[in-house]
Structure formats: structure tokens, C-alpha cells
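One file, structure_5.cif, is given below (mmCIF, C-alpha atoms and all ligand atoms).
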```
data_coords
loop_
_atom_site.label_atom_id
_atom_site.label_comp_id
_atom_site.auth_asym_id
_atom_site.auth_seq_id
_atom_site.Cartn_x
_atom_site.Cartn_y
_atom_site.Cartn_z
CA MET A 15 39.53 17.23 74.69
CA THR A 16 43.17 16.39 75.28
CA SER A 17 42.31 12.75 75.88
CA LYS A 18 40.21 12.76 72.70
CA ASN A 19 43.20 14.17 70.80
CA SER A 20 45.65 11.64 72.18
CA LYS A 21 43.22 8.79 71.48
CA HIS A 22 42.90 10.03 67.91
CA LYS A 23 46.66 10.27 67.57
CA ALA A 24 47.16 6.73 68.88
CA ALA A 25 44.49 5.39 66.51
CA MET A 26 46.09 7.18 63.55
CA GLN A 27 49.53 5.85 64.45
CA LYS A 28 48.15 2.33 64.61
CA GLN A 29 46.45 2.80 61.26
CA LYS A 30 49.60 4.22 59.71
CA ALA A 31 51.61 1.22 60.90
CA ALA A 32 49.07 -1.16 59.34
CA VAL A 33 49.02 0.75 56.05
CA ASP A 34 52.83 0.95 55.95
CA ALA A 35 53.03 -2.82 56.50
CA SER A 36 50.59 -3.48 53.63
CA VAL A 37 52.47 -1.10 51.34
CA GLU A 38 55.68 -2.93 52.24
CA ALA A 39 54.05 -6.31 51.53
CA ALA A 40 52.80 -5.25 48.08
CA SER A 41 55.84 -5.93 45.96
CA GLU A 42 54.36 -6.89 42.60
CA GLU A 43 54.33 -4.26 39.88
CA ARG A 44 51.91 -4.93 37.03
CA GLY A 45 48.68 -3.78 35.39
CA ILE A 46 45.45 -4.31 37.28
CA ALA A 47 42.08 -5.69 36.17
CA VAL A 48 39.23 -3.76 37.78
CA LEU A 49 35.52 -4.57 37.68
CA LEU A 50 33.03 -1.88 38.64
CA THR A 51 29.68 -3.50 39.09
CA GLY A 52 26.46 -3.23 41.12
CA ASP A 53 23.08 -1.58 40.72
CA GLY A 54 23.97 1.92 41.93
CA LYS A 55 25.13 4.96 39.99
CA GLY A 56 28.86 5.45 39.59
CA LYS A 57 30.40 2.67 37.50
CA THR A 58 31.05 4.42 34.19
CA SER A 59 31.84 7.75 35.85
CA SER A 60 34.43 6.01 38.04
CA ALA A 61 36.02 4.43 34.97
CA PHE A 62 36.31 7.87 33.37
CA GLY A 63 37.88 9.11 36.58
CA MET A 64 40.67 6.62 35.90
CA VAL A 65 40.95 7.90 32.33
CA MET A 66 41.58 11.36 33.77
CA ARG A 67 44.07 9.95 36.23
CA ALA A 68 46.00 8.04 33.58
CA ARG A 69 46.04 11.06 31.28
CA GLY A 70 47.69 12.99 34.06
CA TYR A 71 50.70 10.71 33.52
CA ASN A 72 50.41 10.91 29.72
CA GLN A 73 49.51 7.25 29.59
CA ARG A 74 48.15 5.68 26.44
CA ILE A 75 44.41 5.02 26.83
CA ALA A 76 41.67 3.19 24.92
CA VAL A 77 37.98 3.47 25.78
CA ILE A 78 35.50 1.03 24.29
CA GLN A 79 31.82 1.52 25.08
CA PHE A 80 29.55 -1.45 24.56
CA ILE A 81 26.56 0.77 25.00
CA LYS A 82 22.94 0.62 24.25
CA GLY A 83 21.46 3.24 21.94
CA GLU A 84 22.93 6.37 20.49
CA MET A 85 22.50 8.82 23.33
CA LEU A 86 25.35 11.29 23.55
CA SER A 87 27.17 11.68 26.87
CA GLY A 88 29.43 14.40 28.21
CA GLU A 89 32.32 11.96 28.41
CA GLU A 90 31.95 11.06 24.74
CA ILE A 91 31.88 14.73 23.72
CA TYR A 92 34.87 15.51 25.92
CA ILE A 93 36.99 12.63 24.69
CA ARG A 94 36.14 13.16 21.03
CA ASP A 95 36.73 16.93 21.20
CA LYS A 96 39.51 17.28 23.72
CA CYS A 97 41.41 14.01 23.82
CA PRO A 98 42.55 13.12 20.29
CA ASP A 99 45.22 10.92 21.87
CA VAL A 100 42.62 8.64 23.49
CA ILE A 101 41.42 5.76 21.31
CA PHE A 102 37.64 5.88 21.50
CA ILE A 103 35.35 3.21 20.09
CA GLN A 104 31.62 3.01 20.61
CA MET A 105 29.34 0.19 19.62
CA GLY A 106 26.46 2.62 19.42
CA THR A 107 24.59 2.27 16.20
CA GLY A 108 21.20 0.77 16.41
CA PHE A 109 21.85 -1.24 19.53
CA THR A 110 19.17 -0.72 22.15
CA TRP A 111 17.52 -3.00 24.64
CA ASP A 112 14.31 -2.79 22.65
CA THR A 113 15.52 -3.36 19.11
CA GLN A 114 14.66 -7.03 19.71
CA ASP A 115 16.94 -7.77 16.82
CA ARG A 116 19.40 -10.20 18.27
CA THR A 117 21.21 -10.84 15.01
CA SER A 118 22.06 -7.21 14.34
CA ASP A 119 22.89 -6.61 18.01
CA MET A 120 25.31 -9.52 17.92
CA ARG A 121 26.88 -8.27 14.72
CA ALA A 122 27.44 -4.85 16.32
CA ALA A 123 28.94 -6.50 19.42
CA GLU A 124 31.24 -8.71 17.36
CA LYS A 125 32.41 -5.81 15.23
CA THR A 126 33.25 -3.80 18.34
CA TRP A 127 34.99 -6.79 19.90
CA ALA A 128 37.07 -7.28 16.73
CA ALA A 129 38.37 -3.73 17.18
CA THR A 130 38.94 -4.28 20.91
CA ARG A 131 40.94 -7.50 20.76
CA PRO A 132 44.13 -6.03 19.22
CA LEU A 133 44.06 -3.25 21.82
CA LEU A 134 44.02 -5.87 24.59
CA ALA A 135 47.17 -7.29 23.02
CA ASP A 136 48.95 -3.97 22.53
CA PRO A 137 51.67 -3.30 25.11
CA GLU A 138 51.66 0.38 24.15
CA ILE A 139 48.23 0.77 25.79
CA ASP A 140 48.43 1.43 29.52
CA LEU A 141 44.74 1.60 30.33
CA ILE A 142 41.77 0.11 28.55
CA ILE A 143 38.17 0.75 29.56
CA LEU A 144 35.55 -1.82 28.53
CA ASP A 145 32.43 0.11 29.47
CA GLU A 146 29.24 -1.96 29.85
CA LEU A 147 31.03 -5.12 28.69
CA THR A 148 29.22 -7.28 31.23
CA TYR A 149 25.97 -7.12 29.24
CA MET A 150 27.69 -8.54 26.16
CA LEU A 151 28.54 -11.60 28.22
CA ALA A 152 25.19 -11.79 30.00
CA TYR A 153 23.32 -11.79 26.68
CA ASP A 154 25.81 -14.13 25.03
CA TYR A 155 26.55 -11.53 22.40
CA LEU A 156 30.25 -12.26 22.73
CA PRO A 157 32.04 -15.57 23.39
CA GLU A 158 32.89 -15.56 27.09
CA ASN A 159 35.99 -17.77 26.68
CA GLU A 160 37.52 -15.48 24.12
CA VAL A 161 36.83 -12.33 26.14
CA ILE A 162 38.20 -13.79 29.38
CA ASP A 163 41.28 -15.17 27.61
CA ALA A 164 41.99 -11.80 25.99
CA ILE A 165 41.73 -10.08 29.38
CA ASN A 166 43.91 -12.70 31.10
CA ASN A 167 46.55 -12.70 28.36
CA ARG A 168 46.84 -8.94 27.94
CA PRO A 169 50.29 -7.34 28.29
CA ARG A 170 51.59 -7.44 31.84
CA GLU A 171 51.73 -3.67 32.27
CA GLN A 172 48.27 -3.01 30.86
CA SER A 173 45.37 -2.23 33.19
CA VAL A 174 41.80 -2.97 32.21
CA VAL A 175 38.58 -1.61 33.69
CA VAL A 176 35.29 -3.38 33.02
CA THR A 177 31.97 -1.83 33.97
CA GLY A 178 28.40 -3.08 34.13
CA ARG A 179 26.10 -5.06 36.36
CA GLY A 180 26.73 -8.75 36.87
CA GLY A 181 29.38 -10.22 34.61
CA GLY A 182 29.44 -13.80 35.82
CA LYS A 183 31.83 -16.01 37.72
CA ARG A 184 34.55 -16.29 35.08
CA LEU A 185 34.84 -12.53 34.64
CA HIS A 186 34.99 -12.11 38.41
CA GLU A 187 37.81 -14.67 38.57
CA ALA A 188 39.80 -12.70 36.00
CA MET A 189 39.68 -9.51 38.07
CA ASP A 190 42.16 -8.23 40.65
CA THR A 191 39.86 -5.58 42.08
CA ILE A 192 36.07 -5.73 42.19
CA SER A 193 33.94 -2.91 43.53
CA GLU A 194 30.22 -3.10 43.82
CA VAL A 195 28.36 0.21 43.68
CA LYS A 196 25.22 -0.30 45.70
CA GLU A 197 22.12 1.75 45.18
CA VAL A 198 21.08 3.35 48.43
CA ARG A 199 18.93 5.95 46.70
CA HIS A 200 18.63 7.29 43.17
CA ALA A 201 16.98 10.60 42.22
CA PHE A 202 15.24 8.90 39.32
CA ARG A 203 13.01 7.08 41.80
CA ASP A 204 11.68 10.44 43.00
CA GLY A 205 10.89 11.44 39.45
CA VAL A 206 13.96 13.62 38.92
CA LYS A 207 15.12 13.64 35.33
CA ALA A 208 18.59 12.41 34.35
CA ARG A 209 20.87 15.43 34.59
CA LYS A 210 23.34 16.66 32.02
CA GLY A 211 26.85 16.57 33.49
CA VAL A 212 25.78 14.24 36.28
CA ASP A 213 24.00 11.32 34.68
CA TYR A 214 25.20 11.66 31.10
P1 LIG B 301 27.21 6.55 35.70
O1 LIG B 301 27.41 6.57 34.20
O2 LIG B 301 26.43 7.72 36.15
O3 LIG B 301 28.46 6.31 36.45
P2 LIG B 301 26.57 3.75 35.90
O4 LIG B 301 27.56 3.49 34.85
O5 LIG B 301 26.87 3.23 37.27
O6 LIG B 301 26.24 5.29 35.99
P3 LIG B 301 24.56 2.51 34.21
O7 LIG B 301 23.78 1.31 34.57
O8 LIG B 301 25.60 2.37 33.15
O9 LIG B 301 25.15 3.12 35.55
O10 LIG B 301 23.51 3.62 33.80
C1 LIG B 301 23.85 4.87 33.34
C2 LIG B 301 22.73 5.84 33.59
O11 LIG B 301 21.68 5.29 34.36
C3 LIG B 301 23.16 7.10 34.35
O12 LIG B 301 22.42 8.16 33.86
C4 LIG B 301 22.78 6.79 35.78
O13 LIG B 301 22.48 7.93 36.57
C5 LIG B 301 21.55 5.96 35.60
N1 LIG B 301 21.45 4.99 36.71
C6 LIG B 301 22.44 4.28 37.25
N2 LIG B 301 22.00 3.53 38.28
C7 LIG B 301 20.69 3.80 38.39
C8 LIG B 301 19.65 3.36 39.28
N3 LIG B 301 19.90 2.49 40.26
N4 LIG B 301 18.39 3.86 39.08
C9 LIG B 301 18.14 4.72 38.09
N5 LIG B 301 19.05 5.17 37.23
C10 LIG B 301 20.32 4.73 37.37
MG MG B 302 27.57 2.67 32.99
#
```

Written form, C-alpha cells:
Amino acid sequence: MTSKNSKHKAAMQKQKAAVDASVEAASEERGIAVLLTGDGKGKTSSAFGMVMRARGYNQRIAVIQFIKGEMLSGEEIYIRDKCPDVIFIQMGTGFTWDTQDRTSDMRAAEKTWAATRPLLADPEIDLIILDELTYMLAYDYLPENEVIDAINNRPREQSVVVTGRGGGKRLHEAMDTISEVKEVRHAFRDGVKARKGVDY
């Protein structure tokens, strides 16, 4: 037991030294571009975790959801009802994967992007969430060059979080942090219905 404890202590000390060294080495202070991707559950909910975090510091936040369909989510209700200080834009209307109407889908995407672009240039905004943006690029609903340039040229202190599967090489190159949420298991596969408060 004692040897186990001392081994643990030694390992922790070693780890602490490594972490301290990395903290010391990180000297740059600026906003961060984060991509949350992968086929598992947890991308959008992680992004909203950062919204909560940023709000804790009274930061200025904008959330733009490039989502399919009109289904209401708990996060939408919460932000609309309880966070009047958070800029909230949702593409919503009419856009679903099965509308099969590319022209109207593109118009909805472009309209949402037109509202997003000035936010990506606004130094007053500390954190901007571009939820499900990757699909707009994958389906060529938005011009990739313009989107990547806007992300790259945003104010230095502004952080941006992009969610969605895929996203392509250029988006990946524009990101400082990329996390891939991998599906190990999902309840849906066992026939369990999407759950209020958990899935939406
Ligand atoms: P969440 O919003 O829960 O963080 P997400 O943003 O990672 O999920 P999306 O692809 O945007 O995932 O899908 C949102 C919805 O689809 C959620 O209800 C989520 O539970 C469900 N979902 C996510 N991944 C899977 C999966 N691998 N199989 C089935 N359903 C999934
Ligand atoms: Mg999502």
C-alpha cells in the first residue's frame, strides 16, 4: 500500500512538472478556433458548454445554428428565454435534409451567413458558435473560401467554435483545436428514443 502510494505520488509529481512546463511554454494570448467533429454524440452539447463557461465571465456571445428542420431544442429555449444578452440566430425555416430543394436551402444558408459575417468581424464578440456549419461547406451551400477567410481574419481576441461532421481540409487547417467525438455506442441503435434534455 505504502509503495503504491509513493509510486502514485512520484507519477503525479512527474506529471505536474510536465504540465507546468507546457503552461510555461504557452505564452500566446489570443482567441482560439475549435472544431468539434466526429460521428458520436456530444458536439453541439460541448459547444453549449462553452457558452455557459463564457457567460460565467460575462463574455459577449453569438450562437448561429445552421440546422436542419425546425425542431426545438432545450438549448434554443434556454437561450431565447434566459439569455437575452446572447445573440442567437437560427437558419431553421424549411431547411431539412429531405426538402430536396437545393435553391431554397442555399438561400436560407446564404441569408444566415450574411448575418454571421459581421459577427465574425466584431471585436466586441468574445465567443461565436457556428453550430453544424460543416454541412454548409460539405453541400457547397456556402462559399468555402469566404467562410475560411472570415474565420481566419476574425478579431484576434475572438474565439470560434465550429461543430459538425467532416468539414474538409481547409476548415481543419484554420482550426487551433480539433476534437473528434467518436461513436462507441448510441442508445438510438438499441431503439431508444431521443430524450428531452439529453438529445435535444
Ligand atoms: P448533441 O447535440 O447531443 O451534442 P451532436 O451535435 O454531436 O449531438 P448531431 O449530429 O448534431 O450530434 O445530432 C444531434 C442529434 O442526433 C442528438 O439528438 C444526438 O443524440 C443524435 N446523435 C448524435 N450522434 C448520433 C449517432 N451516432 N447515432 C444516433 N444519433 C446520434
Ligand atoms: Mg450537433

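Across A:Ala32, A:Val100, A:Ala135, A:Leu147, the tightest approach to ligand MG 302 (chain B) is made by A:Leu147 when counting only C-alpha atoms and all ligand atoms.
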
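Across the structure, atom C4 of ligand LIG 301 (chain B) and atom CA of A:Ile75 are spaced 23.5 Å apart.
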
Can you write out as CSV which residues of chain A fall within 6 Å of ligand LIG 301 (chain B), alongside each residue's closest atom pair and its distance in Å to one decimal, counting only C-alpha atoms and all ligand atoms and ordering rows by chain and ascending residue number?
```
residue,atom,partner,partner_atom,distance
A:Asp53,CA,B:LIG301,N3,5.2
A:Gly54,CA,B:LIG301,N3,4.4
A:Lys55,CA,B:LIG301,O5,3.7
A:Gly56,CA,B:LIG301,O3,3.3
A:Lys57,CA,B:LIG301,O5,3.6
A:Thr58,CA,B:LIG301,O4,3.7
A:Ser59,CA,B:LIG301,O3,3.7
A:Glu197,CA,B:LIG301,N3,5.4
A:His200,CA,B:LIG301,N4,5.3
A:Phe202,CA,B:LIG301,C9,5.2
A:Ala208,CA,B:LIG301,O12,5.7
A:Asp213,CA,B:LIG301,O12,3.6
A:Tyr214,CA,B:LIG301,O12,5.3
```

Kindly save the residues from that selection, with C-alpha atoms included, as a compact mmCIF listing (two decimals), in the coordinates of the input.
```txt
# COMPACT_ATOMS: atom_id res chain seq x y z
CA ASP A 53 23.08 -1.58 40.72
CA GLY A 54 23.97 1.92 41.93
CA LYS A 55 25.13 4.96 39.99
CA GLY A 56 28.86 5.45 39.59
CA LYS A 57 30.40 2.67 37.50
CA THR A 58 31.05 4.42 34.19
CA SER A 59 31.84 7.75 35.85
CA GLU A 197 22.12 1.75 45.18
CA HIS A 200 18.63 7.29 43.17
CA PHE A 202 15.24 8.90 39.32
CA ALA A 208 18.59 12.41 34.35
CA ASP A 213 24.00 11.32 34.68
CA TYR A 214 25.20 11.66 31.10
```

Query raised in the report: Would you name the residues within 12 Å of ligand MG 302 (chain B), counting only C-alpha atoms and all ligand atoms, and put them as a ChimeraX atom specification?
Result: /A:49-62,78-82,87,89,143-149,175-179,195,213-214

Query raised in the report: Looking at all atoms listed in the file, which of A:Ala76, A:Met66, A:Met189, A:Ile103 is the one that sits closest to A:Pro137?
Result: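 Closest residue, counting all atoms listed in the file: A:Ala76.
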
Report task. Have a look at A:Arg203, A:Asn72, A:Gly63, A:Asp163 and name the one nearest to A:Glu187; count all atoms listed in the file. Result -> A:Asp163

Query raised in the report: Could you state the separation of atom CA of A:Lys23 and atom CA of A:Ala40 in Å, given to one decimal place?
Result: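 Atom CA of A:Ala40 lies 25.7 Å from atom CA of A:Lys23.
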
**Report entry** Spatial sel., origin (50.7, 2.6, 26.0), limit 12 Å, only C-alpha atoms, listed as a PyMOL selection string
**Finding:** chain A and resi 45+68-69+71-76+99-101+133-142+169-173

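In terms of minimum interatomic distance to A:Gly180, A:Ala152 ranks closest within A:Met64, A:Met26, A:Val161, A:Ala152, counting all atoms listed in the file.
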
Query raised in the report: Distance atom CA of A:Gly211-atom CA of A:Gln104, one decimal place?
Result: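 So the two atoms, atom CA of A:Gly211 and atom CA of A:Gln104, lie 19.3 Å apart.
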
Query raised in the report: So which residues touch A:Asp154 within 12 Å, counting only C-alpha atoms, skipping near sequence neighbours fewer than 4 positions away, as an NGL selection string?
Result: :A and (116-117 or 119-121 or 123-124 or 147-150 or 158-161 or 181-182)
